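Taking it in order: structure first as structure tokens, then the write-up.
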Amino acid sequence: MATDEETPLTAQESQPLNHSRDLHILSWAFLLIFLAYGAVQNLESTINTEGDLGTISLGILYVSFAVFSVVASLVVKKMGAKNALVLGTTGYWLFTAANLKPSWYTMVPASLYLGFAASIIWVAEGTYLTSAARSHASELNLHEGTVIGKFNGVFWGMFACHQLVGNLITLALLRDEEGGTTSGTTLLMIVFLFSLTFGIILMFFLNKRNGKEERLQGSQNTISSLLNSMLNLLLDVRILLVIPLLAYSGLQQAFVWAEYTKVIVKPVLGERGVGGAMAVYGIFDAISSLAAGRLTSDLKSITLIVVGGSLVQLIVLLWLLLNYSVSTGLLGTLFPLLVGALWGIGDGVLNTQLSALLGILFKHDLEGAFAQLKLWQSVSIAIVFFISTSISFQTMVVIMLVALCISVAGFLFLTLSVEKAFTRRAS
């Protein structure tokens with residue numbers, strides 16, 4: 001059966017525009033979906049406080065995410081990346097709708113289903129974006145690593161804007177009332193449901209990608225072959241060396257949601273200031289993603305960019321560990337915003353470079369590689385949500401520092417080994 005990529009074109013020059021079109025449709029769809037979900041996630045622990053419903057729901061969500069990440073690659077291979085993207089969006093819509101009537105009977109099932117949907121959508125995103133970038137590079141005879149980096153830069157730069165837009169909408173619609181209550185929640189959720197709906201509709205305009213690259217990856221379509229594929233991937237020393245960095249990328253995201261807003265922002269700027277601080281974080285995340293994507297070309301550039309982003313987060317963690325104290329005045333007000341800006345730079349680097357790294361190193365099993373990314377990210381995020389209430393802030397910072405050092409050490413060993421192997425082969 002002929003596919004979109006196999007069909008002859010009457011105008012060859014129009015084909016590269018299709019890949020760019022798909023990139024921008026995907027980016028806009030994710031922006032519309034995650035400006036809603038990201039803001040809802042930021043609010044969960046403050047609007048659903050009875051019995052810690054919001055925090056526990058997020059913990060359940062990421063445990064479910066981790067469990068279903070094991071089979072996500074199989075679902076994506078069976079359905080195709082585009083169909084899996086559409087299916088994945090439904091979980092975000094249902095989770096937001098459940099917040100219109102939050103209870104254990106609505107939030108727990110919605111969280112469990114969103115864990116499944118999230119595992120599907122993120123594996124599909126990584127597979128689809130990398131496939132589009134590789135096709136674009138092949139047809140225009142461009143350097144593959146450079147195109148993968150630029151495509152990831154555009155996507156993650158646009159994606160990072162969800163923190164800015166979503167939190168500004170929250171800031172505009174929510175009102176603090178007397179007695180510590182908040183009004184405008186219902187209106188906010190309805191607005192977010194409209195945004196999610198538009199994002200889902202955009203997904204339908206993506207071109208299907210069932211060309212030869214995906215058919216090569218699609219041979220493993222049973223549970224037994226999936227388990228064999230996972231085992232083979234875990235026996236690959238390259239994935240073992242990068243797993244600590246995959247896990248750290250989840251830790252540093254959860255640190256923002258669980259610690260940064262609660263310990264650093266709220267005591268200084270108040271609850272309403274959380275939205276503004278997260279908007280600053282989102283702006284610098286977006287700028288960092290775009291810049292890192294533009295600078296990416298090969299493993300050497302990825303190595304330098306990751307080391308730079310890690311150094312920024314290392315400085316922040318040491319600053320928090322050695323000198324942090326809530327202060328008043330202008331410096332006290334600027335401090336949370338500066339931390340958010342620097343942390344956003346590091347997050348933008350990790351998002352773009354990890355996706356580019358996996359796309360370059362694991363060309364023949366993209367679904368499996370991106371499933372590993374989301375598996376280890378979701379496991380680490382779930383751990384942070386469950387332990388953050390029982391350990392001190394300083395202990396969390398120490399854990400982050402140790403994890404960062406271990407992950408960067410493994411990553412450097414990997415990239416230097418691969419570069420050395422390429423050099424030896426070339427000579």
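Ordering of the structure tokens sets the chain letters (A, B, ...), residue numbers begin anew at 1 in every chain, and ligands are numbered from 1 in the order given.
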
Hey, what's within 6 Å of range 115-120 of chain A if we count only C-alpha atoms and toss same-chain stuff fewer than 5 positions away? As a list in words, please?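 Listing them by chain and then by number gives Leu61, Ser64, Phe65, Phe68, Ser69, Ala72, Gly88 and Gly91 of chain A.
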
Resulting file, chosen residues, all heavy atoms, as an mmCIF file, in the first residue's frame:
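Written output follows (selection_35.cif):
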data_model
loop_
_atom_site.group_PDB
_atom_site.id
_atom_site.type_symbol
_atom_site.label_atom_id
_atom_site.label_comp_id
_atom_site.auth_asym_id
_atom_site.auth_seq_id
_atom_site.Cartn_x
_atom_site.Cartn_y
_atom_site.Cartn_z
ATOM 1 N N LEU A 61 -0.476 9.839 38.768
ATOM 2 C CA LEU A 61 -0.291 10.094 37.334
ATOM 3 C C LEU A 61 1.094 9.641 36.875
ATOM 4 O O LEU A 61 1.219 8.922 35.874
ATOM 5 C CB LEU A 61 -0.486 11.589 37.077
ATOM 6 C CG LEU A 61 -0.584 12.111 35.648
ATOM 7 C CD1 LEU A 61 -1.141 13.530 35.662
ATOM 8 C CD2 LEU A 61 0.756 12.133 34.928
ATOM 9 N N SER A 64 1.650 5.871 36.985
ATOM 10 C CA SER A 64 0.981 5.301 35.816
ATOM 11 C C SER A 64 1.790 5.563 34.544
ATOM 12 O O SER A 64 1.945 4.678 33.687
ATOM 13 C CB SER A 64 -0.421 5.909 35.679
ATOM 14 O OG SER A 64 -1.052 5.503 34.483
ATOM 15 N N PHE A 65 2.309 6.770 34.437
ATOM 16 C CA PHE A 65 3.157 7.162 33.299
ATOM 17 C C PHE A 65 4.341 6.201 33.183
ATOM 18 O O PHE A 65 4.659 5.682 32.105
ATOM 19 C CB PHE A 65 3.634 8.597 33.531
ATOM 20 C CG PHE A 65 4.250 9.273 32.336
ATOM 21 C CD1 PHE A 65 4.404 10.658 32.324
ATOM 22 C CD2 PHE A 65 4.695 8.564 31.235
ATOM 23 C CE1 PHE A 65 4.972 11.313 31.248
ATOM 24 C CE2 PHE A 65 5.278 9.202 30.146
ATOM 25 C CZ PHE A 65 5.425 10.570 30.155
ATOM 26 N N PHE A 68 3.168 2.527 32.124
ATOM 27 C CA PHE A 68 2.737 2.410 30.730
ATOM 28 C C PHE A 68 3.839 2.763 29.738
ATOM 29 O O PHE A 68 3.740 2.406 28.554
ATOM 30 C CB PHE A 68 1.501 3.281 30.484
ATOM 31 C CG PHE A 68 0.232 2.692 31.022
ATOM 32 C CD1 PHE A 68 -0.431 3.281 32.090
ATOM 33 C CD2 PHE A 68 -0.292 1.527 30.473
ATOM 34 C CE1 PHE A 68 -1.604 2.731 32.596
ATOM 35 C CE2 PHE A 68 -1.465 0.976 30.966
ATOM 36 C CZ PHE A 68 -2.121 1.576 32.036
ATOM 37 N N SER A 69 4.899 3.447 30.198
ATOM 38 C CA SER A 69 6.023 3.726 29.302
ATOM 39 C C SER A 69 6.674 2.442 28.804
ATOM 40 O O SER A 69 7.313 2.424 27.749
ATOM 41 C CB SER A 69 7.075 4.588 30.030
ATOM 42 O OG SER A 69 6.587 5.892 30.263
ATOM 43 N N ALA A 72 4.564 1.645 25.801
ATOM 44 C CA ALA A 72 4.206 2.766 24.921
ATOM 45 C C ALA A 72 4.767 2.602 23.514
ATOM 46 O O ALA A 72 4.091 2.901 22.526
ATOM 47 C CB ALA A 72 4.686 4.085 25.529
ATOM 48 N N GLY A 88 -3.154 10.233 22.508
ATOM 49 C CA GLY A 88 -2.522 10.776 23.703
ATOM 50 C C GLY A 88 -3.160 12.057 24.202
ATOM 51 O O GLY A 88 -3.199 12.313 25.413
ATOM 52 N N GLY A 91 -6.152 12.087 27.063
ATOM 53 C CA GLY A 91 -5.905 12.016 28.500
ATOM 54 C C GLY A 91 -5.815 13.389 29.144
ATOM 55 O O GLY A 91 -6.309 13.601 30.261
#

Range 163-353 of chain A: which residues are alpha helix (DSSP H) by DSSP, as a short mmCIF file (atom, residue, chain, number, x, y, z; two decimals) with N, CA and C atoms, in the first residue's frame?
data_model
loop_
_atom_site.label_atom_id
_atom_site.label_comp_id
_atom_site.auth_asym_id
_atom_site.auth_seq_id
_atom_site.Cartn_x
_atom_site.Cartn_y
_atom_site.Cartn_z
N GLN A 163 4.44 27.61 29.55
CA GLN A 163 4.52 28.11 30.91
C GLN A 163 4.16 29.59 30.97
N LEU A 164 4.62 30.35 29.98
CA LEU A 164 4.32 31.78 29.94
C LEU A 164 2.83 32.01 29.70
N VAL A 165 2.29 31.43 28.62
CA VAL A 165 0.91 31.71 28.24
C VAL A 165 -0.07 31.15 29.26
N GLY A 166 0.13 29.90 29.68
CA GLY A 166 -0.78 29.27 30.62
C GLY A 166 -0.83 29.99 31.95
N ASN A 167 0.33 30.40 32.45
CA ASN A 167 0.35 31.08 33.75
C ASN A 167 -0.19 32.50 33.67
N LEU A 168 -0.04 33.17 32.52
CA LEU A 168 -0.65 34.49 32.37
C LEU A 168 -2.17 34.40 32.34
N ILE A 169 -2.69 33.36 31.68
CA ILE A 169 -4.15 33.14 31.69
C ILE A 169 -4.63 32.87 33.11
N THR A 170 -3.89 32.05 33.84
CA THR A 170 -4.24 31.77 35.23
C THR A 170 -4.24 33.05 36.06
N LEU A 171 -3.21 33.85 35.87
CA LEU A 171 -3.09 35.11 36.62
C LEU A 171 -4.26 36.03 36.33
N ALA A 172 -4.75 36.01 35.08
CA ALA A 172 -5.84 36.91 34.68
C ALA A 172 -7.20 36.46 35.21
N LEU A 173 -7.40 35.14 35.33
CA LEU A 173 -8.74 34.63 35.64
C LEU A 173 -8.95 34.26 37.10
N THR A 185 -12.02 29.35 39.27
CA THR A 185 -11.45 28.06 38.86
C THR A 185 -12.26 27.41 37.75
N THR A 186 -13.59 27.45 37.87
CA THR A 186 -14.45 26.82 36.86
C THR A 186 -14.26 27.48 35.49
N LEU A 187 -14.27 28.81 35.46
CA LEU A 187 -14.05 29.52 34.20
C LEU A 187 -12.69 29.18 33.61
N LEU A 188 -11.67 29.11 34.47
CA LEU A 188 -10.32 28.79 34.01
C LEU A 188 -10.28 27.42 33.35
N MET A 189 -10.92 26.43 33.97
CA MET A 189 -10.91 25.08 33.41
C MET A 189 -11.66 25.02 32.08
N ILE A 190 -12.72 25.78 31.95
CA ILE A 190 -13.47 25.80 30.69
C ILE A 190 -12.61 26.41 29.57
N VAL A 191 -11.93 27.51 29.89
CA VAL A 191 -11.01 28.13 28.92
C VAL A 191 -9.94 27.13 28.49
N PHE A 192 -9.40 26.41 29.46
CA PHE A 192 -8.35 25.43 29.15
C PHE A 192 -8.91 24.27 28.31
N LEU A 193 -10.14 23.87 28.54
CA LEU A 193 -10.74 22.80 27.73
C LEU A 193 -10.90 23.24 26.27
N PHE A 194 -11.22 24.51 26.05
CA PHE A 194 -11.29 25.02 24.68
C PHE A 194 -9.90 24.98 24.03
N SER A 195 -8.88 25.38 24.78
CA SER A 195 -7.51 25.34 24.26
C SER A 195 -7.11 23.92 23.91
N LEU A 196 -7.42 22.98 24.79
CA LEU A 196 -7.11 21.57 24.53
C LEU A 196 -7.83 21.06 23.29
N THR A 197 -9.08 21.45 23.13
CA THR A 197 -9.85 21.01 21.98
C THR A 197 -9.23 21.49 20.67
N PHE A 198 -8.81 22.75 20.63
CA PHE A 198 -8.15 23.28 19.43
C PHE A 198 -6.84 22.53 19.16
N GLY A 199 -6.10 22.21 20.22
CA GLY A 199 -4.86 21.47 20.04
C GLY A 199 -5.10 20.08 19.47
N ILE A 200 -6.15 19.41 19.95
CA ILE A 200 -6.50 18.08 19.43
C ILE A 200 -6.88 18.15 17.96
N ILE A 201 -7.66 19.17 17.60
CA ILE A 201 -8.07 19.34 16.20
C ILE A 201 -6.85 19.53 15.30
N LEU A 202 -5.86 20.31 15.77
CA LEU A 202 -4.64 20.53 14.98
C LEU A 202 -3.93 19.22 14.69
N MET A 203 -3.94 18.29 15.63
CA MET A 203 -3.24 17.01 15.44
C MET A 203 -3.74 16.27 14.19
N LYS A 212 9.71 4.28 4.96
CA LYS A 212 10.58 3.13 5.15
C LYS A 212 11.24 3.13 6.52
N GLU A 213 11.49 4.33 7.12
CA GLU A 213 12.13 4.35 8.43
C GLU A 213 11.23 3.69 9.46
N GLU A 214 9.93 4.04 9.45
CA GLU A 214 9.04 3.48 10.45
C GLU A 214 8.74 2.02 10.17
N ARG A 215 8.76 1.60 8.91
CA ARG A 215 8.52 0.20 8.63
C ARG A 215 9.66 -0.66 9.13
N LEU A 216 10.89 -0.13 9.08
CA LEU A 216 12.02 -0.87 9.63
C LEU A 216 11.86 -1.06 11.13
N GLN A 217 11.31 -0.04 11.80
CA GLN A 217 11.13 -0.12 13.24
C GLN A 217 9.88 -0.89 13.60
N ILE A 223 4.19 -8.58 22.05
CA ILE A 223 4.69 -8.37 23.41
C ILE A 223 6.06 -9.01 23.59
N SER A 224 6.22 -10.24 23.07
CA SER A 224 7.50 -10.93 23.24
C SER A 224 8.63 -10.20 22.52
N SER A 225 8.35 -9.72 21.29
CA SER A 225 9.39 -9.00 20.57
C SER A 225 9.67 -7.66 21.23
N LEU A 226 8.62 -7.04 21.85
CA LEU A 226 8.83 -5.79 22.57
C LEU A 226 9.75 -6.01 23.77
N LEU A 227 9.52 -7.10 24.52
CA LEU A 227 10.36 -7.40 25.67
C LEU A 227 11.80 -7.66 25.24
N ASN A 228 11.96 -8.39 24.13
CA ASN A 228 13.30 -8.64 23.61
C ASN A 228 13.98 -7.34 23.21
N SER A 229 13.19 -6.46 22.56
CA SER A 229 13.73 -5.17 22.13
C SER A 229 14.17 -4.34 23.33
N MET A 230 13.32 -4.31 24.38
CA MET A 230 13.65 -3.55 25.59
C MET A 230 14.91 -4.11 26.25
N LEU A 231 14.99 -5.46 26.32
CA LEU A 231 16.15 -6.09 26.94
C LEU A 231 17.42 -5.77 26.15
N ASN A 232 17.32 -5.87 24.83
CA ASN A 232 18.48 -5.57 23.98
C ASN A 232 18.93 -4.13 24.15
N LEU A 233 17.92 -3.22 24.25
CA LEU A 233 18.25 -1.80 24.42
C LEU A 233 18.93 -1.56 25.76
N LEU A 234 18.43 -2.24 26.81
CA LEU A 234 19.02 -2.07 28.14
C LEU A 234 20.39 -2.72 28.25
N VAL A 237 25.29 -0.51 26.04
CA VAL A 237 26.02 0.32 26.99
C VAL A 237 25.72 1.81 26.80
N ARG A 238 25.35 2.20 25.58
CA ARG A 238 25.05 3.62 25.33
C ARG A 238 23.84 4.08 26.12
N ILE A 239 22.77 3.26 26.14
CA ILE A 239 21.56 3.67 26.87
C ILE A 239 21.82 3.61 28.37
N LEU A 240 22.64 2.65 28.82
CA LEU A 240 22.95 2.56 30.24
C LEU A 240 23.69 3.80 30.73
N LEU A 241 24.57 4.32 29.88
CA LEU A 241 25.33 5.51 30.27
C LEU A 241 24.49 6.78 30.25
N VAL A 242 23.44 6.80 29.43
CA VAL A 242 22.63 8.01 29.32
C VAL A 242 21.41 7.98 30.26
N ILE A 243 21.06 6.79 30.81
CA ILE A 243 19.91 6.69 31.71
C ILE A 243 19.99 7.65 32.90
N PRO A 244 21.16 7.79 33.56
CA PRO A 244 21.21 8.77 34.67
C PRO A 244 20.82 10.19 34.25
N LEU A 245 21.21 10.60 33.04
CA LEU A 245 20.85 11.94 32.57
C LEU A 245 19.37 12.01 32.23
N LEU A 246 18.79 10.92 31.70
CA LEU A 246 17.35 10.88 31.45
C LEU A 246 16.59 11.05 32.76
N ALA A 247 17.05 10.33 33.81
CA ALA A 247 16.40 10.43 35.11
C ALA A 247 16.57 11.82 35.71
N TYR A 248 17.77 12.39 35.58
CA TYR A 248 17.99 13.73 36.13
C TYR A 248 17.11 14.77 35.44
N SER A 249 16.88 14.60 34.14
CA SER A 249 16.03 15.57 33.44
C SER A 249 14.62 15.58 34.04
N GLY A 250 14.15 14.42 34.51
CA GLY A 250 12.86 14.38 35.20
C GLY A 250 12.95 14.98 36.59
N LEU A 251 14.04 14.70 37.29
CA LEU A 251 14.23 15.26 38.64
C LEU A 251 14.20 16.78 38.61
N GLN A 252 14.91 17.36 37.64
CA GLN A 252 15.00 18.83 37.63
C GLN A 252 13.67 19.48 37.23
N GLN A 253 12.83 18.76 36.46
CA GLN A 253 11.50 19.28 36.17
C GLN A 253 10.62 19.22 37.42
N ALA A 254 10.66 18.08 38.11
CA ALA A 254 9.84 17.92 39.32
C ALA A 254 10.30 18.88 40.42
N PHE A 255 11.58 19.22 40.44
CA PHE A 255 12.11 20.17 41.42
C PHE A 255 11.39 21.52 41.28
N LYS A 266 6.83 31.12 46.67
CA LYS A 266 5.66 31.47 47.48
C LYS A 266 5.99 32.28 48.72
N PRO A 267 7.05 31.96 49.50
CA PRO A 267 7.34 32.76 50.70
C PRO A 267 7.69 34.22 50.38
N VAL A 268 8.20 34.48 49.18
CA VAL A 268 8.62 35.84 48.82
C VAL A 268 7.55 36.58 48.03
N LEU A 269 6.99 35.92 47.04
CA LEU A 269 6.06 36.59 46.11
C LEU A 269 4.60 36.25 46.36
N GLY A 273 2.16 35.20 42.93
CA GLY A 273 3.45 35.38 42.29
C GLY A 273 3.99 34.12 41.64
N VAL A 274 3.40 32.97 41.96
CA VAL A 274 3.84 31.72 41.37
C VAL A 274 3.68 31.75 39.85
N GLY A 275 2.55 32.30 39.39
CA GLY A 275 2.30 32.38 37.95
C GLY A 275 3.34 33.24 37.24
N GLY A 276 3.67 34.38 37.84
CA GLY A 276 4.66 35.26 37.23
C GLY A 276 6.05 34.64 37.20
N ALA A 277 6.43 33.96 38.29
CA ALA A 277 7.74 33.31 38.34
C ALA A 277 7.84 32.19 37.32
N MET A 278 6.76 31.41 37.18
CA MET A 278 6.76 30.33 36.20
C MET A 278 6.75 30.88 34.78
N ALA A 279 6.18 32.07 34.59
CA ALA A 279 6.23 32.70 33.27
C ALA A 279 7.66 33.09 32.91
N VAL A 280 8.41 33.61 33.88
CA VAL A 280 9.83 33.94 33.65
C VAL A 280 10.60 32.66 33.32
N TYR A 281 10.34 31.62 34.10
CA TYR A 281 10.97 30.31 33.83
C TYR A 281 10.68 29.85 32.41
N GLY A 282 9.43 30.00 31.97
CA GLY A 282 9.04 29.58 30.62
C GLY A 282 9.70 30.39 29.52
N ILE A 283 9.85 31.70 29.74
CA ILE A 283 10.49 32.56 28.74
C ILE A 283 11.94 32.13 28.50
N PHE A 284 12.68 31.95 29.58
CA PHE A 284 14.09 31.57 29.44
C PHE A 284 14.24 30.13 28.96
N ASP A 285 13.29 29.28 29.30
CA ASP A 285 13.27 27.91 28.78
C ASP A 285 13.12 27.94 27.26
N ALA A 286 12.19 28.77 26.78
CA ALA A 286 11.95 28.87 25.34
C ALA A 286 13.16 29.43 24.60
N ILE A 287 13.76 30.50 25.13
CA ILE A 287 14.94 31.10 24.50
C ILE A 287 16.09 30.09 24.46
N SER A 288 16.29 29.39 25.57
CA SER A 288 17.35 28.39 25.65
C SER A 288 17.13 27.26 24.65
N SER A 289 15.89 26.80 24.53
CA SER A 289 15.57 25.71 23.60
C SER A 289 15.87 26.11 22.16
N LEU A 290 15.44 27.31 21.77
CA LEU A 290 15.68 27.78 20.41
C LEU A 290 17.17 27.94 20.13
N ALA A 291 17.89 28.54 21.08
CA ALA A 291 19.33 28.75 20.88
C ALA A 291 20.09 27.43 20.84
N ALA A 292 19.77 26.50 21.76
CA ALA A 292 20.45 25.21 21.79
C ALA A 292 20.19 24.41 20.52
N GLY A 293 18.94 24.47 20.05
CA GLY A 293 18.61 23.76 18.81
C GLY A 293 19.38 24.30 17.61
N ARG A 294 19.52 25.62 17.55
CA ARG A 294 20.27 26.24 16.44
C ARG A 294 21.74 25.84 16.45
N LEU A 295 22.29 25.65 17.65
CA LEU A 295 23.72 25.36 17.78
C LEU A 295 24.05 23.87 17.64
N LEU A 299 27.53 15.16 17.81
CA LEU A 299 27.74 14.77 19.20
C LEU A 299 28.62 15.76 19.95
N LYS A 300 29.61 16.32 19.27
CA LYS A 300 30.51 17.26 19.93
C LYS A 300 29.75 18.50 20.39
N SER A 301 28.89 19.03 19.53
CA SER A 301 28.11 20.22 19.91
C SER A 301 27.12 19.88 21.02
N ILE A 302 26.50 18.68 20.95
CA ILE A 302 25.58 18.26 22.01
C ILE A 302 26.31 18.19 23.34
N THR A 303 27.52 17.65 23.33
CA THR A 303 28.31 17.53 24.56
C THR A 303 28.58 18.89 25.18
N LEU A 304 29.02 19.84 24.36
CA LEU A 304 29.34 21.17 24.87
C LEU A 304 28.10 21.88 25.41
N ILE A 305 26.98 21.75 24.71
CA ILE A 305 25.75 22.42 25.13
C ILE A 305 25.23 21.83 26.43
N VAL A 306 25.23 20.49 26.55
CA VAL A 306 24.75 19.84 27.77
C VAL A 306 25.63 20.21 28.95
N VAL A 307 26.94 20.22 28.77
CA VAL A 307 27.85 20.61 29.85
C VAL A 307 27.57 22.05 30.29
N GLY A 308 27.33 22.95 29.31
CA GLY A 308 27.02 24.34 29.65
C GLY A 308 25.73 24.47 30.45
N GLY A 309 24.66 23.79 29.99
CA GLY A 309 23.39 23.84 30.71
C GLY A 309 23.48 23.22 32.09
N SER A 310 24.24 22.12 32.20
CA SER A 310 24.41 21.46 33.50
C SER A 310 25.18 22.36 34.47
N LEU A 311 26.16 23.09 33.94
CA LEU A 311 26.94 24.00 34.78
C LEU A 311 26.06 25.10 35.35
N VAL A 312 25.11 25.59 34.55
CA VAL A 312 24.19 26.62 35.02
C VAL A 312 23.36 26.09 36.20
N GLN A 313 22.82 24.87 36.05
CA GLN A 313 22.02 24.30 37.14
C GLN A 313 22.88 23.95 38.35
N LEU A 314 24.12 23.54 38.11
CA LEU A 314 25.03 23.26 39.22
C LEU A 314 25.27 24.50 40.06
N ILE A 315 25.48 25.65 39.40
CA ILE A 315 25.69 26.91 40.11
C ILE A 315 24.47 27.26 40.95
N VAL A 316 23.27 27.08 40.39
CA VAL A 316 22.04 27.38 41.13
C VAL A 316 21.92 26.48 42.36
N LEU A 317 22.17 25.19 42.19
CA LEU A 317 22.05 24.24 43.30
C LEU A 317 23.05 24.56 44.42
N LEU A 318 24.29 24.89 44.06
CA LEU A 318 25.29 25.26 45.06
C LEU A 318 24.89 26.55 45.77
N TRP A 319 24.35 27.49 45.01
CA TRP A 319 23.87 28.76 45.58
C TRP A 319 22.77 28.50 46.60
N LEU A 320 21.81 27.64 46.24
CA LEU A 320 20.71 27.31 47.14
C LEU A 320 21.21 26.57 48.37
N LEU A 321 22.19 25.69 48.19
CA LEU A 321 22.68 24.88 49.30
C LEU A 321 23.49 25.70 50.29
N LEU A 322 24.29 26.64 49.81
CA LEU A 322 25.23 27.34 50.67
C LEU A 322 24.72 28.67 51.21
N ASN A 323 23.93 29.38 50.41
CA ASN A 323 23.61 30.76 50.79
C ASN A 323 22.14 31.10 50.83
N GLY A 329 13.00 43.18 50.29
CA GLY A 329 13.56 44.20 49.44
C GLY A 329 13.62 43.76 47.98
N LEU A 330 14.25 44.61 47.17
CA LEU A 330 14.31 44.36 45.73
C LEU A 330 15.08 43.08 45.41
N LEU A 331 16.23 42.88 46.10
CA LEU A 331 17.02 41.68 45.83
C LEU A 331 16.25 40.43 46.20
N GLY A 332 15.51 40.50 47.31
CA GLY A 332 14.71 39.36 47.72
C GLY A 332 13.62 39.04 46.71
N THR A 333 13.05 40.07 46.09
CA THR A 333 12.01 39.86 45.08
C THR A 333 12.59 39.30 43.79
N LEU A 334 13.78 39.77 43.42
CA LEU A 334 14.40 39.33 42.18
C LEU A 334 14.99 37.93 42.28
N PHE A 335 15.36 37.50 43.48
CA PHE A 335 16.03 36.22 43.64
C PHE A 335 15.22 35.04 43.08
N PRO A 336 13.93 34.87 43.42
CA PRO A 336 13.17 33.76 42.85
C PRO A 336 13.08 33.82 41.33
N LEU A 337 12.99 35.03 40.79
CA LEU A 337 12.89 35.18 39.34
C LEU A 337 14.20 34.81 38.67
N LEU A 338 15.33 35.18 39.29
CA LEU A 338 16.64 34.83 38.73
C LEU A 338 16.86 33.32 38.75
N VAL A 339 16.48 32.68 39.86
CA VAL A 339 16.60 31.22 39.95
C VAL A 339 15.75 30.56 38.87
N GLY A 340 14.52 31.06 38.67
CA GLY A 340 13.64 30.50 37.64
C GLY A 340 14.22 30.67 36.25
N ALA A 341 14.81 31.84 35.98
CA ALA A 341 15.41 32.09 34.66
C ALA A 341 16.57 31.13 34.40
N LEU A 342 17.47 30.98 35.37
CA LEU A 342 18.62 30.10 35.20
C LEU A 342 18.20 28.64 35.08
N TRP A 343 17.22 28.25 35.88
CA TRP A 343 16.75 26.86 35.81
C TRP A 343 16.07 26.58 34.47
N GLY A 344 15.37 27.57 33.95
CA GLY A 344 14.74 27.41 32.64
C GLY A 344 15.77 27.23 31.54
N ILE A 345 16.92 27.91 31.64
CA ILE A 345 17.99 27.73 30.66
C ILE A 345 18.46 26.28 30.65
N GLY A 346 18.68 25.72 31.84
CA GLY A 346 19.11 24.33 31.94
C GLY A 346 18.08 23.36 31.41
N ASP A 347 16.80 23.61 31.70
CA ASP A 347 15.74 22.72 31.22
C ASP A 347 15.65 22.74 29.70
N GLY A 348 15.76 23.93 29.11
CA GLY A 348 15.72 24.03 27.65
C GLY A 348 16.84 23.26 26.99
N VAL A 349 18.03 23.32 27.59
CA VAL A 349 19.18 22.57 27.07
C VAL A 349 18.92 21.07 27.12
N LEU A 350 18.46 20.58 28.26
CA LEU A 350 18.23 19.13 28.41
C LEU A 350 17.15 18.63 27.47
N ASN A 351 16.05 19.38 27.33
CA ASN A 351 14.96 18.95 26.45
C ASN A 351 15.43 18.79 25.01
N THR A 352 16.10 19.79 24.49
CA THR A 352 16.52 19.73 23.08
C THR A 352 17.62 18.72 22.86
N GLN A 353 18.61 18.71 23.75
CA GLN A 353 19.80 17.89 23.50
C GLN A 353 19.55 16.41 23.74
#

Kindly assemble as a tab-separated table a list of the range 88-160 of chain A residues that lie within 12 Å of range 32-44 of chain A, each paired with its nearest atom pair and their distance in Å to one decimal, using only C-alpha atoms, sorted first by chain and then by ascending residue number.
residue	atom	partner	partner_atom	distance
A:Gly88	CA	A:Ile33	CA	10.7
A:Thr89	CA	A:Ile33	CA	7.6
A:Thr90	CA	A:Ile33	CA	10.1
A:Gly91	CA	A:Tyr37	CA	10.2
A:Tyr92	CA	A:Tyr37	CA	6.5
A:Trp93	CA	A:Ile33	CA	8.3
A:Leu94	CA	A:Tyr37	CA	10.5
A:Phe95	CA	A:Tyr37	CA	8.3
A:Thr96	CA	A:Tyr37	CA	6.9
A:Ala97	CA	A:Val40	CA	10.5
A:Ala98	CA	A:Val40	CA	10.9
A:Asn99	CA	A:Val40	CA	8.4
A:Leu100	CA	A:Val40	CA	11.1
A:Pro102	CA	A:Glu44	CA	10.1
A:Met107	CA	A:Glu44	CA	10.6
A:Ser111	CA	A:Gln41	CA	11.2
A:Leu114	CA	A:Tyr37	CA	10.8
A:Ala118	CA	A:Tyr37	CA	11.3
A:Ile121	CA	A:Ile33	CA	11.4
A:Trp156	CA	A:Phe34	CA	11.8
A:Met158	CA	A:Leu32	CA	10.1
A:Phe159	CA	A:Phe34	CA	7.6
A:Ala160	CA	A:Leu35	CA	9.0

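The gap separating CA of Ile399 in chain A from CA of Ile47 in chain A is 28.5 Å, in Å to one decimal.
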
With distances taken over only C-alpha atoms, the candidate from A:Asn83, A:Ser388, A:Gln377, A:Ser355 nearest Gly149 in chain A is A:Ser355

Which of range 151-195 of chain A DSSP labels strand (DSSP E or B), written as a list in words: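 Across range 151-195 of chain A, those assigned strand (DSSP E or B) are Arg175, Asp176, Thr182 and Ser183 of chain A.
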
Nearest candidate to His136 in chain A (options A:Ala81, A:Leu58, A:Ile148, A:Met396; using only C-alpha atoms):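 The shortest atom-to-atom distance to His136 in chain A comes from A:Ile148.
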